[in-house]
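For reference, structure.tsv is printed below; it contains TSV, C-alpha atoms.
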chain	number	residue	atom	x	y	z
A	1	MET	CA	-49.31	55.66	-50.24
A	2	SER	CA	-46.22	55.82	-48.27
A	3	GLU	CA	-45.43	53.42	-45.52
A	4	PHE	CA	-45.97	56.16	-43.05
A	5	GLN	CA	-49.71	56.05	-43.74
A	6	PHE	CA	-49.96	52.48	-42.45
A	7	GLY	CA	-48.36	53.34	-39.09
A	8	LEU	CA	-45.21	51.55	-39.92
A	9	THR	CA	-42.05	53.21	-38.92
A	10	ALA	CA	-38.64	52.51	-40.31
A	11	PRO	CA	-36.24	50.89	-37.91
A	12	GLU	CA	-34.01	53.38	-36.31
A	13	PRO	CA	-30.45	53.00	-37.38
A	14	GLN	CA	-28.40	51.18	-34.71
A	15	SER	CA	-25.91	53.23	-32.87
A	16	GLU	CA	-22.34	52.14	-32.94
A	17	ALA	CA	-22.57	51.20	-29.26
A	18	GLU	CA	-25.53	48.93	-29.93
A	19	ARG	CA	-23.73	47.30	-32.82
A	20	LEU	CA	-20.68	46.67	-30.69
A	21	MET	CA	-22.81	45.20	-27.90
A	22	LEU	CA	-24.62	42.88	-30.33
A	23	GLY	CA	-21.30	41.69	-31.68
A	24	LEU	CA	-20.03	41.04	-28.19
A	25	GLN	CA	-23.14	39.05	-27.31
A	26	LYS	CA	-22.78	36.91	-30.40
A	27	ARG	CA	-19.17	36.18	-29.66
A	28	THR	CA	-19.93	35.34	-26.03
A	29	SER	CA	-22.74	33.04	-27.06
A	30	ALA	CA	-20.54	31.23	-29.57
A	31	PHE	CA	-17.74	30.85	-26.99
A	32	GLN	CA	-20.22	29.49	-24.42
A	33	ASN	CA	-21.53	26.93	-26.89
A	34	GLU	CA	-17.98	25.84	-27.64
A	35	GLN	CA	-17.21	25.51	-23.93
A	36	ASP	CA	-20.32	23.46	-23.25
A	37	GLN	CA	-19.26	20.92	-25.84
A	38	GLU	CA	-15.83	20.41	-24.26
A	39	PRO	CA	-15.56	17.27	-22.16
A	40	LEU	CA	-15.22	17.70	-18.41
A	41	VAL	CA	-12.96	15.68	-16.16
A	42	SER	CA	-13.39	15.16	-12.41
A	43	LEU	CA	-10.38	15.57	-10.18
A	44	LEU	CA	-9.87	14.63	-6.57
A	45	THR	CA	-7.73	17.30	-4.93
A	46	PHE	CA	-5.69	16.96	-1.78
A	47	ASN	CA	-2.74	18.36	0.14
A	48	LEU	CA	0.70	16.99	0.68
A	49	GLY	CA	2.38	19.39	3.05
A	50	ASP	CA	1.70	22.88	1.74
A	51	GLU	CA	1.36	21.76	-1.86
A	52	TRP	CA	-1.79	20.87	-3.77
A	53	PHE	CA	-2.15	17.84	-5.91
A	54	ALA	CA	-4.85	16.02	-7.80
A	55	LEU	CA	-5.79	12.64	-9.18
A	56	LEU	CA	-8.26	11.75	-11.88
A	57	LEU	CA	-11.38	10.63	-10.07
A	58	ASP	CA	-11.58	7.61	-12.36
A	59	GLN	CA	-8.37	6.36	-10.79
A	60	VAL	CA	-9.65	6.67	-7.25
A	61	LYS	CA	-11.39	3.68	-5.71
A	62	LEU	CA	-12.13	5.27	-2.36
A	63	VAL	CA	-10.80	7.46	0.42
A	64	SER	CA	-10.34	6.00	3.86
A	65	ARG	CA	-9.41	7.22	7.28
A	66	LEU	CA	-6.09	6.04	8.58
A	67	LEU	CA	-5.86	2.35	9.30
A	68	GLU	CA	-3.29	0.21	10.96
A	69	VAL	CA	-0.30	-0.42	8.73
A	70	ALA	CA	1.39	-3.82	8.65
A	71	PRO	CA	5.05	-3.68	7.70
A	72	VAL	CA	6.38	-5.64	4.74
A	73	PRO	CA	10.11	-6.35	4.60
A	74	GLY	CA	12.23	-5.92	1.52
A	75	THR	CA	10.22	-3.07	0.05
A	76	SER	CA	11.50	0.23	-1.25
A	77	ARG	CA	11.72	3.10	1.21
A	78	TYR	CA	8.56	4.67	-0.23
A	79	VAL	CA	6.41	1.73	0.88
A	80	LEU	CA	5.18	2.10	4.45
A	81	GLY	CA	3.59	-1.33	4.50
A	82	VAL	CA	0.15	-2.74	3.69
A	83	ILE	CA	-3.31	-1.93	4.97
A	84	ASN	CA	-6.34	-4.13	5.34
A	85	TYR	CA	-9.43	-2.37	4.07
A	86	LYS	CA	-12.54	-4.51	4.22
A	87	SER	CA	-10.53	-7.70	3.95
A	88	THR	CA	-8.54	-6.56	0.95
A	89	ILE	CA	-4.85	-5.78	1.29
A	90	TYR	CA	-3.43	-2.69	-0.35
A	91	PRO	CA	0.18	-1.54	-0.36
A	92	LEU	CA	0.59	1.90	1.21
A	93	ILE	CA	2.95	4.31	-0.49
A	94	ASP	CA	4.30	7.57	0.90
A	95	ILE	CA	4.96	9.88	-2.04
A	96	HIS	CA	6.18	12.87	-0.04
A	97	GLU	CA	9.82	12.09	-0.68
A	98	LEU	CA	9.23	11.47	-4.38
A	99	LEU	CA	7.78	14.96	-4.64
A	100	SER	CA	10.60	16.47	-2.60
A	101	LEU	CA	8.28	17.14	0.32
A	102	GLU	CA	9.01	16.50	3.94
A	103	SER	CA	7.01	13.59	5.34
A	104	GLN	CA	4.69	14.68	8.09
A	105	MET	CA	3.42	12.77	11.05
A	106	PRO	CA	-0.12	11.64	10.31
A	107	THR	CA	-2.86	13.72	11.87
A	108	ARG	CA	-6.61	13.33	12.10
A	109	ALA	CA	-6.89	15.08	8.76
A	110	SER	CA	-4.69	12.52	7.04
A	111	ARG	CA	-6.30	10.03	4.71
A	112	PHE	CA	-5.51	7.01	2.61
A	113	VAL	CA	-6.52	7.32	-1.02
A	114	ILE	CA	-6.95	3.87	-2.53
A	115	ILE	CA	-6.21	3.85	-6.22
A	116	ASN	CA	-6.81	1.47	-9.09
A	117	HIS	CA	-4.39	2.17	-11.90
A	118	ASN	CA	-3.98	-0.36	-14.71
A	119	GLN	CA	-3.30	-3.65	-12.91
A	120	TYR	CA	-2.07	-1.97	-9.73
A	121	ALA	CA	-4.21	-1.39	-6.66
A	122	PHE	CA	-2.54	0.56	-3.88
A	123	ALA	CA	-3.02	3.40	-1.41
A	124	ILE	CA	-1.22	6.68	-0.96
A	125	LEU	CA	-1.04	8.74	2.19
A	126	VAL	CA	-2.30	12.31	1.87
A	127	ASP	CA	-2.15	14.99	4.54
A	128	SER	CA	-5.64	16.28	3.96
A	129	MET	CA	-8.43	16.05	1.45
A	130	THR	CA	-9.96	19.10	-0.20
A	131	GLU	CA	-12.62	18.58	-2.81
A	132	VAL	CA	-13.69	17.04	-6.08
A	133	LYS	CA	-13.55	19.51	-8.93
A	134	GLU	CA	-14.62	19.35	-12.55
A	135	VAL	CA	-12.25	20.86	-15.07
A	136	ARG	CA	-12.10	20.98	-18.83
A	137	GLU	CA	-10.01	18.28	-20.37
A	138	ARG	CA	-7.73	20.74	-22.11
A	139	GLU	CA	-6.79	22.26	-18.76
A	140	LEU	CA	-4.96	19.04	-17.96
A	141	GLU	CA	-2.36	19.78	-20.57
A	142	GLY	CA	-0.85	22.68	-18.63
A	143	GLN	CA	2.92	22.89	-18.71
A	144	ILE	CA	4.91	22.05	-15.64
A	145	ARG	CA	6.69	24.98	-14.12
A	146	SER	CA	7.71	23.26	-10.90
A	147	ASN	CA	11.05	21.89	-9.82
A	148	LYS	CA	12.47	19.73	-12.59
A	149	ASP	CA	13.35	17.00	-10.08
A	150	ILE	CA	9.72	16.22	-9.37
A	151	SER	CA	8.29	17.08	-12.76
A	152	HIS	CA	8.76	13.43	-13.66
A	153	TYR	CA	6.06	12.54	-11.13
A	154	ILE	CA	3.68	15.29	-12.18
A	155	HIS	CA	1.64	14.80	-15.34
A	156	SER	CA	0.65	18.44	-15.65
A	157	GLU	CA	-0.07	21.53	-13.62
A	158	LEU	CA	-3.29	23.47	-13.59
A	159	SER	CA	-4.55	26.52	-11.84
A	160	LEU	CA	-7.65	26.09	-9.73
A	161	ASN	CA	-9.13	28.72	-7.42
A	162	GLU	CA	-5.89	30.68	-7.60
A	163	ARG	CA	-3.90	27.64	-6.57
A	164	LEU	CA	-1.47	25.59	-8.56
A	165	LEU	CA	-2.33	21.89	-8.60
A	166	GLY	CA	-0.09	19.09	-9.75
A	167	LEU	CA	-1.81	16.16	-11.43
A	168	LEU	CA	0.08	13.07	-10.32
A	169	ASN	CA	1.73	10.80	-12.86
A	170	LEU	CA	0.94	7.38	-11.39
A	171	ASP	CA	2.96	5.49	-13.98
A	172	ALA	CA	6.13	7.30	-13.00
A	173	ILE	CA	5.40	6.90	-9.30
A	174	LEU	CA	4.81	3.19	-9.61
A	175	HIS	CA	7.86	2.77	-11.78
A	176	THR	CA	10.03	4.19	-9.03
A	177	VAL	CA	8.29	2.51	-6.11
A	178	ALA	CA	8.08	-0.90	-7.74
A	179	GLU	CA	11.73	-0.60	-8.77
A	180	VAL	CA	10.86	-1.86	-12.18
A	181	ASP	CA	13.86	-2.15	-14.46
B	1	MET	CA	6.08	-26.75	-2.62
B	2	VAL	CA	3.54	-24.21	-1.49
B	3	GLU	CA	0.29	-24.60	-3.36
B	4	GLN	CA	-0.24	-21.56	-5.54
B	5	HIS	CA	-3.82	-20.38	-5.61
B	6	LYS	CA	-5.45	-18.41	-8.36
B	7	TRP	CA	-6.68	-15.25	-6.74
B	8	VAL	CA	-9.36	-12.87	-7.77
B	9	THR	CA	-7.74	-9.57	-7.07
B	10	GLN	CA	-10.73	-7.30	-7.42
B	11	GLY	CA	-11.43	-6.76	-3.73
B	12	ALA	CA	-15.23	-6.65	-3.61
B	13	GLU	CA	-15.71	-9.71	-5.84
B	14	PHE	CA	-12.98	-11.52	-3.95
B	15	ASN	CA	-14.58	-11.03	-0.56
B	16	ARG	CA	-18.12	-11.59	-1.73
B	17	HIS	CA	-17.09	-14.88	-3.29
B	18	PHE	CA	-15.71	-16.14	0.01
B	19	GLU	CA	-18.64	-14.82	2.01
B	20	GLU	CA	-21.14	-16.64	-0.20
B	21	ARG	CA	-19.13	-19.85	-0.36
B	22	PRO	CA	-16.89	-20.09	2.68
B	23	SER	CA	-14.13	-22.63	2.48
B	24	LYS	CA	-13.91	-25.42	5.02
B	25	GLN	CA	-10.24	-25.85	4.28
B	26	GLN	CA	-7.86	-24.77	6.98
B	27	VAL	CA	-4.09	-24.56	7.08
B	28	GLU	CA	-1.89	-24.72	10.12
B	29	VAL	CA	0.47	-21.83	10.43
B	30	ILE	CA	3.24	-21.26	12.92
B	31	LEU	CA	3.68	-17.61	13.78
B	32	VAL	CA	7.16	-16.46	14.63
B	33	LYS	CA	8.64	-13.17	15.68
B	34	VAL	CA	11.53	-11.77	13.67
B	35	ALA	CA	12.91	-8.37	14.63
B	36	HIS	CA	9.66	-7.35	16.39
B	37	GLN	CA	7.48	-8.37	13.44
B	38	PRO	CA	5.29	-11.46	13.12
B	39	PHE	CA	5.61	-13.81	10.18
B	40	GLY	CA	3.83	-17.01	9.35
B	41	LEU	CA	5.23	-20.32	8.13
B	42	LEU	CA	3.20	-23.28	6.97
B	43	MET	CA	3.39	-26.07	9.52
B	44	SER	CA	3.54	-28.51	6.64
B	45	GLN	CA	7.01	-27.14	5.91
B	46	VAL	CA	8.28	-27.33	9.48
B	47	TYR	CA	9.44	-30.69	10.82
B	48	ASN	CA	10.95	-29.84	14.14
B	49	ILE	CA	11.64	-27.00	16.51
B	50	VAL	CA	15.02	-26.70	18.17
B	51	ARG	CA	15.88	-24.58	21.15
B	52	PRO	CA	19.60	-23.80	20.99
B	53	ASP	CA	19.76	-23.29	24.74
B	54	ASN	CA	19.26	-26.98	25.43
B	55	GLY	CA	22.87	-27.73	24.64
B	56	GLU	CA	22.24	-29.66	21.44
B	57	VAL	CA	23.35	-26.85	19.15
B	58	THR	CA	26.84	-25.51	18.58
B	59	LEU	CA	27.78	-22.78	16.16
B	60	ARG	CA	30.30	-24.12	13.66
B	61	GLN	CA	30.63	-21.54	10.91
B	62	HIS	CA	29.65	-17.93	10.54
B	63	HIS	CA	28.40	-16.46	7.31
B	64	THR	CA	30.89	-16.39	4.47
B	65	LYS	CA	30.68	-13.83	1.72
B	66	GLY	CA	27.80	-14.49	-0.63
B	67	GLN	CA	26.21	-17.05	1.65
B	68	THR	CA	22.84	-16.55	3.22
B	69	TRP	CA	23.33	-19.19	5.87
B	70	ARG	CA	25.69	-20.29	8.58
B	71	GLU	CA	26.36	-23.73	9.91
B	72	ILE	CA	25.64	-25.23	13.26
B	73	GLU	CA	26.18	-28.64	14.68
B	74	TYR	CA	22.97	-30.26	15.81
B	75	ARG	CA	22.99	-33.70	17.36
B	76	GLY	CA	26.32	-34.46	15.74
B	77	GLU	CA	25.26	-33.33	12.27
B	78	LEU	CA	26.13	-30.14	10.43
B	79	LEU	CA	23.08	-28.09	9.65
B	80	LYS	CA	22.73	-24.95	7.57
B	81	ILE	CA	20.58	-22.31	9.17
B	82	VAL	CA	19.14	-19.15	7.69
B	83	GLU	CA	18.68	-16.13	9.87
B	84	LEU	CA	15.31	-14.71	8.96
B	85	ASP	CA	16.14	-11.20	10.12
B	86	ARG	CA	19.10	-11.09	7.70
B	87	ILE	CA	17.22	-12.58	4.80
B	88	LEU	CA	14.33	-10.17	5.35
B	89	TYR	CA	16.62	-7.15	5.69
B	90	LEU	CA	15.42	-6.60	9.23
B	91	SER	CA	18.72	-6.87	11.03
B	92	GLN	CA	19.21	-3.99	13.41
B	93	GLY	CA	22.34	-3.69	15.46
B	94	GLU	CA	23.73	-6.76	17.12
B	95	PRO	CA	21.62	-9.88	16.64
B	96	LEU	CA	20.45	-11.91	19.57
B	97	GLU	CA	22.77	-14.66	20.61
B	98	LEU	CA	21.93	-18.03	19.15
B	99	GLU	CA	20.95	-19.44	22.52
B	100	TYR	CA	18.16	-16.88	22.92
B	101	ARG	CA	16.55	-17.68	19.61
B	102	GLN	CA	14.72	-20.64	18.16
B	103	ILE	CA	15.33	-22.78	15.11
B	104	LEU	CA	12.66	-24.33	12.96
B	105	LEU	CA	13.83	-27.30	10.94
B	106	SER	CA	12.71	-27.84	7.39
B	107	GLY	CA	13.84	-29.86	4.39
B	108	ARG	CA	12.49	-32.34	1.90
B	109	ILE	CA	10.87	-35.66	2.58
B	110	HIS	CA	12.42	-38.48	0.61
B	111	PRO	CA	10.01	-41.13	-0.72
B	112	SER	CA	11.48	-43.42	1.89
B	113	GLY	CA	10.10	-41.11	4.53
B	114	LEU	CA	13.44	-39.70	5.66
B	115	MET	CA	14.08	-36.00	5.68
B	116	VAL	CA	16.81	-34.96	3.29
B	117	GLU	CA	18.46	-31.62	2.49
B	118	PRO	CA	17.64	-30.30	5.94
B	119	PHE	CA	18.07	-26.69	6.95
B	120	GLY	CA	16.95	-24.48	9.76
B	121	VAL	CA	15.43	-21.02	9.98
B	122	LEU	CA	16.33	-18.86	12.91
B	123	CYS	CA	13.72	-16.65	14.51
B	124	ASP	CA	13.58	-14.64	17.71
B	125	GLU	CA	10.57	-16.31	19.19
B	126	ILE	CA	7.78	-18.70	18.32
B	127	LEU	CA	4.49	-16.96	19.00
B	128	VAL	CA	1.71	-19.42	18.39
B	129	ILE	CA	0.55	-22.24	16.16
B	130	THR	CA	-2.87	-21.54	14.76
B	131	SER	CA	-5.27	-22.82	12.13
B	132	ILE	CA	-6.33	-20.38	9.48
B	133	SER	CA	-9.12	-20.72	6.99
B	134	THR	CA	-7.93	-20.46	3.40
B	135	ASP	CA	-10.55	-17.71	3.08
B	136	ASP	CA	-8.33	-15.61	5.32
B	137	LEU	CA	-5.35	-15.85	3.03
B	138	ARG	CA	-4.66	-12.95	0.72
B	139	PRO	CA	-2.23	-12.32	-2.11
B	140	ILE	CA	0.44	-9.68	-1.75
B	141	PRO	CA	1.48	-7.86	-4.91
B	142	GLY	CA	4.86	-9.22	-5.89
B	143	TRP	CA	6.05	-5.89	-7.22
B	144	LEU	CA	6.42	-4.66	-3.63
B	145	PHE	CA	9.44	-6.74	-2.82
B	146	LYS	CA	10.27	-8.77	-5.92
B	147	LYS	CA	13.65	-7.17	-6.35
B	148	ARG	CA	14.95	-8.02	-2.87
B	149	LEU	CA	12.93	-11.00	-1.73
B	150	GLY	CA	11.69	-12.64	-4.88
B	151	LYS	CA	8.93	-15.07	-3.99
B	152	LEU	CA	9.92	-15.54	-0.37
B	153	ILE	CA	6.74	-13.82	0.78
B	154	TRP	CA	3.91	-15.66	-0.92
B	155	GLY	CA	0.94	-14.02	0.70
B	156	ALA	CA	-0.58	-12.74	3.89
B	157	ALA	CA	-2.92	-14.13	6.49
B	158	LEU	CA	-5.57	-11.91	8.01
B	159	LEU	CA	-5.41	-12.59	11.72
B	160	LYS	CA	-7.54	-11.29	14.54
B	161	PRO	CA	-5.60	-9.05	16.88
B	162	GLU	CA	-6.16	-11.36	19.85
B	163	VAL	CA	-4.12	-14.05	18.13
B	164	LEU	CA	-1.11	-11.76	18.25
B	165	VAL	CA	-1.72	-9.16	20.92
B	166	GLU	CA	-0.67	-11.19	23.92
B	167	LYS	CA	2.56	-12.28	22.35
B	168	TYR	CA	3.39	-9.50	19.95
B	169	ASP	CA	4.41	-6.38	21.80
B	170	LEU	CA	2.80	-3.51	19.94
B	171	GLN	CA	5.03	-0.50	20.32
B	172	GLY	CA	3.27	2.52	21.76
B	173	LEU	CA	3.38	5.91	20.12
B	174	SER	CA	5.05	8.97	21.49
B	175	ASP	CA	2.94	11.85	22.80
B	176	ASN	CA	3.90	14.20	20.01
B	177	VAL	CA	2.43	12.10	17.26
B	178	LEU	CA	-0.10	14.84	16.42
B	179	ASP	CA	2.39	17.68	16.53
B	180	GLY	CA	2.90	17.46	12.83
B	181	LYS	CA	6.64	17.58	13.38
B	182	GLY	CA	7.70	15.19	10.76
B	183	SER	CA	10.45	12.71	10.62
B	184	ASN	CA	10.70	9.50	8.71
B	185	LEU	CA	7.32	7.79	8.74
B	186	THR	CA	7.09	4.11	9.54
B	187	HIS	CA	4.20	1.73	9.97
B	188	GLN	CA	4.37	2.39	13.72
B	189	ASN	CA	2.97	5.89	13.27
B	190	PHE	CA	-0.48	4.65	12.37
B	191	PRO	CA	-2.14	2.38	14.97
B	192	VAL	CA	-3.47	5.24	17.12
B	193	PHE	CA	-5.86	6.19	14.33
B	194	ALA	CA	-7.43	2.77	14.06
B	195	THR	CA	-10.71	4.06	15.56
B	196	PRO	CA	-10.89	7.78	14.87
B	197	PRO	CA	-13.94	9.99	15.50
B	198	SER	CA	-16.29	10.66	12.60
B	199	VAL	CA	-15.80	13.74	10.49
B	200	GLY	CA	-17.88	15.25	7.69
B	201	GLN	CA	-17.50	14.46	4.06
B	202	PRO	CA	-15.04	16.63	2.16
B	203	LYS	CA	-16.66	19.44	0.23
B	204	GLY	CA	-17.83	18.40	-3.17
B	205	SER	CA	-17.24	14.68	-2.62
B	206	THR	CA	-19.18	12.08	-4.52
B	207	THR	CA	-20.84	9.91	-1.90
B	208	SER	CA	-20.79	6.73	-3.89
B	209	LEU	CA	-17.03	6.84	-4.41
B	210	LEU	CA	-15.65	8.73	-1.47
B	211	HIS	CA	-16.65	7.70	1.98
B	212	THR	CA	-14.68	8.87	4.92
B	213	ALA	CA	-17.13	7.51	7.46
B	214	GLN	CA	-15.34	4.73	9.25
B	215	SER	CA	-17.15	1.67	7.99
B	216	ASN	CA	-14.21	-0.70	7.79
B	217	GLN	CA	-15.21	-3.37	10.22
B	218	ASP	CA	-12.34	-5.73	9.50
B	219	GLU	CA	-9.84	-5.33	12.31
B	220	ARG	CA	-7.75	-8.28	11.30
B	221	ARG	CA	-4.09	-7.64	10.70
B	222	PRO	CA	-2.14	-8.89	7.70
B	223	VAL	CA	0.74	-11.16	8.66
B	224	MET	CA	3.25	-11.98	5.95
B	225	LEU	CA	3.64	-15.65	5.04
B	226	LEU	CA	7.05	-17.02	4.11
B	227	ASP	CA	7.70	-19.89	1.73
B	228	LEU	CA	10.44	-22.11	3.14
B	229	GLU	CA	10.73	-23.86	-0.20
B	230	ILE	CA	12.27	-20.68	-1.60
B	231	LEU	CA	14.91	-20.76	1.16
B	232	HIS	CA	15.51	-24.43	0.47
B	233	ARG	CA	16.24	-23.65	-3.16
B	234	ARG	CA	18.60	-20.85	-2.23
B	235	ILE	CA	20.58	-23.10	0.06
B	236	TYR	CA	20.68	-26.15	-2.15
B	237	ASN	CA	20.76	-24.16	-5.44
B	238	ASN	CA	17.80	-25.96	-6.96
Let me see the structure of the file written as C-alpha cells.
Amino acid sequence: MSEFQFGLTAPEPQSEAERLMLGLQKRTSAFQNEQDQEPLVSLLTFNLGDEWFALLLDQVKLVSRLLEVAPVPGTSRYVLGVINYKSTIYPLIDIHELLSLESQMPTRASRFVIINHNQYAFAILVDSMTEVKEVRERELEGQIRSNKDISHYIHSELSLNERLLGLLNLDAILHTVAEVD
Amino acid sequence: MVEQHKWVTQGAEFNRHFEERPSKQQVEVILVKVAHQPFGLLMSQVYNIVRPDNGEVTLRQHHTKGQTWREIEYRGELLKIVELDRILYLSQGEPLELEYRQILLSGRIHPSGLMVEPFGVLCDEILVITSISTDDLRPIPGWLFKKRLGKLIWGAALLKPEVLVEKYDLQGLSDNVLDGKGSNLTHQNFPVFATPPSVGQPKGSTTSLLHTAQSNQDERRPVMLLDLEILHRRIYNN
C-alpha cells in the first residue's frame, strides 16, 4: 500500500523564497541571542553647550540642582570652588574649557553632577541633563573623531539617537585639574 | 600645631556618625575677611590683635624678592607680617593701606611662657569670633590647592549664613545672569539658585541615584580654615 492510501501527503518542496526566509529567521534569531548575552552599561547623558557627553552611571553619586559655591584660593582655573551638599563638601569643577567649550552662565537647567571616581569625590557643572541610557559595552570602544585637543579628555565616542556622545575620561580630567605631576 | 583629625570621607557615613554621636568639643575660630572672602583661624594660634591705625605700627621694609613677608615696627620691635591676600593669591589691584587693615599676632609659646618667633598676619577686617563644634569641621581635598598653597588650608568650617551675612557683603548678581551669555564663571554666579523651584525628574532617570528634587537642607556655607603654623614654618624656615 502506498502512503497515499493512509491519507499522508508528502511535504511540498519548499520554494526558494521560503528557504531564504527560513535562513534569514535563523540568522536573526542567532544574532538576537548573541546580543542578549552582551553586557549592558548605563550611561548618564548631559549637555555642555551644544555638545553631548556621558558618564558611566556607576561613577555618578547623584545629581543636584545648583547650590551656593564657596571659593577656594590657590586652585586651578577649572575649579570654581566647593559646594556643601548635605553637610559634605565637594570640589566643583568646570570642564567647559577643558573640552574647548565656552563656559555659559548657569541657568535653571544647569545641574551639579557629583561623582565618585577612585579616591576622588567631586562635582562637575553641566548645562542640562538629558537621560540615562543603556548601551552595549562594546559600543563604548568607539573611536574618537573629535578635535584632537580634547580627545585626551574623552574616553570614547558613541552614537546614540543620531547624536554623537563623548564619554568623559575622568582620569585625564582630574590629572589636569589637580595639577598632578 | 593644628591637631590633625582622621576623617571618614564617605559623606553619608561621615554625617551619620556625627548625628548619632555628636561631639561636645568646640573650637574657637576667628573669622577674617581677605579680599572679600571669609577665612577662619584657630583662636589658639592667635595671641593678639593689632590695629595699625592706633599709631603703634610703622612699616619698615617692603617685600623683597622671594620673601612672603614684610617687616613692620611694632612697639619698638621688628615684626614680620604676612599679607594673607598675597599668600592666598587673592591680591587684586592696589592693596589697602596698612592703616586700614588689621594684624593678628601669632608665634610660638616658649616653655617659660613667653612668645617667641612672633609674626603677624594681615587681613582686611576681623568679622567675628565664634565657637564651632568639631562636628562642623570638614576636610578639604588637598589636591585642590596642594601645588600653590600646600597645607595652608587644613579644612573648612560649615557656618550658618547668619554668622557671616551681617559682616560679609555678599555680592549681588547682575540682571542678565539667565541670559546664557557666557563669560568666565566664578563662584559668584551661583547664589541666586540656592532655592530654585522644583522641576521634574529627567527622562529615564533612576530615582534611587538621581534626585533633582531640592532636598538639601544644609544651608551652611563652607569657610576655609588656615593653619598659621604653616606660615610660621615658612617665615622661620622650620
Item to complete: Go through B:Leu158, B:Arg101, B:Ile140, B:Ser44 and flag the residue nearest Leu92 in chain A, using all atoms listed in the file for the distances.
Response: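 Selected residue with least distance to Leu92 in chain A: B:Ile140.
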Worksheet, complete the sentence: The residue from A:Asn47, A:Gln32, A:Ser87, A:Asn116 with the smallest atom-to-atom distance to chain B, counting only C-alpha atoms, is A:Ser87
Discussion item. At a cut-off of 7 Å, using only C-alpha atoms, what residues contact Lys133 in chain A? Leave out same-chain residues fewer than 3 positions from it and give the result as number ranges by chain.
Written reply: A: 42-44
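For the atom pair formed by CA of Tyr120 in chain A and CA of Val132 in chain A, the distance is 22.6 Å, given to one decimal.
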Discussion item. I need the residue nearest chain A from this list: B:Gly107, B:Pro52, B:Gly113, B:Pro38. Use all atoms listed in the file for the distance.
Written reply: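 Between B:Gly107, B:Pro52, B:Gly113, B:Pro38, the residue approaching chain A most closely is B:Pro38.
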Worksheet item: So, counting all atoms listed in the file, which residue among B:Val34, B:Ile81, B:Val27, B:Ile230 is closest to chain A?
Response: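 Once distances to chain A are computed over all atoms listed in the file, the minimum belongs to B:Val34.
Closest approach to chain B from the set A:Ile115, A:Leu170, A:Val41, A:Met105 is made by A:Met105, with distances taken over all atoms listed in the file.
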Practice prompt. One decimal, Å: what's the distance from CA of Glu131 in chain A over to CA of His152 in chain A, could you say?
Written response: 24.5 Å
Discussion item. What are the residues of chain A lining chain B at 7 Å or less? Count only C-alpha atoms, and put the answer as number ranges by chain.
Written reply: A: 61-71, 73-75, 80-81, 84-88, 103-107, 129-132, 178
Taking all atoms of range 114-131 of chain B that the file lists, what box with edges along x, y and z, padded by 4 Å per side, do you get, with centre and edge lengths in Å to one decimal, as AutoDock Vina command-line options?
--center_x 6.6 --center_y -27.2 --center_z 10.8 --size_x 31.7 --size_y 33.1 --size_z 24.7
Item to complete: For Leu41 in chain B, list every protein, DNA or RNA residue within 6 Å, evaluated using only C-alpha atoms, and leave out those in the same chain fewer than 3 positions away; present the list as JSON, numbers by chain.
Response: {"B": [29, 30, 225, 226]}
Worksheet item: Looking at only C-alpha atoms, which of A:Ile95, A:Val79, A:Ile124, A:Val113 is the one that sits closest to Leu57 in chain A?
Response: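 Looking at the shortest contact to Leu57 in chain A, the residue is A:Val113.
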Practice prompt. Tell me, in Å to one decimal, how far CA of Val163 in chain B is from CA of Ile103 in chain B.
Written response: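 CA of Ile103 in chain B lies at a distance of 21.5 Å from CA of Val163 in chain B.
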Practice prompt. Excluding Leu101 in chain A and residues on its chain fewer than 2 positions from it, collect all residues at most 9 Å away from it, counting only C-alpha atoms, and give them as number ranges by chain.
Written response: A: 48-51, 95-99, 103-104
Worksheet entry | Contacts of Glu141 in chain A within 12 Å, only C-alpha atoms, excl. fewer than 2 positions in-chain, as a ChimeraX atom specification | /A:135-139,143-144,154-159,166-167
If we count only C-alpha atoms and set the cut-off at 6 Å, which residues sit around Ser128 in chain A, ignoring sequence neighbours fewer than 5 positions away in its own chain? Please answer as an mmCIF file with C-alpha atoms, in the frame of the given file.
data_model
loop_
_atom_site.group_PDB
_atom_site.id
_atom_site.type_symbol
_atom_site.label_atom_id
_atom_site.label_comp_id
_atom_site.auth_asym_id
_atom_site.auth_seq_id
_atom_site.Cartn_x
_atom_site.Cartn_y
_atom_site.Cartn_z
ATOM 1 C CA PHE A 46 -5.690 16.960 -1.780
ATOM 2 C CA ASN A 47 -2.740 18.360 0.140
ATOM 3 C CA ALA A 109 -6.890 15.080 8.760
ATOM 4 C CA SER A 110 -4.690 12.520 7.040
#
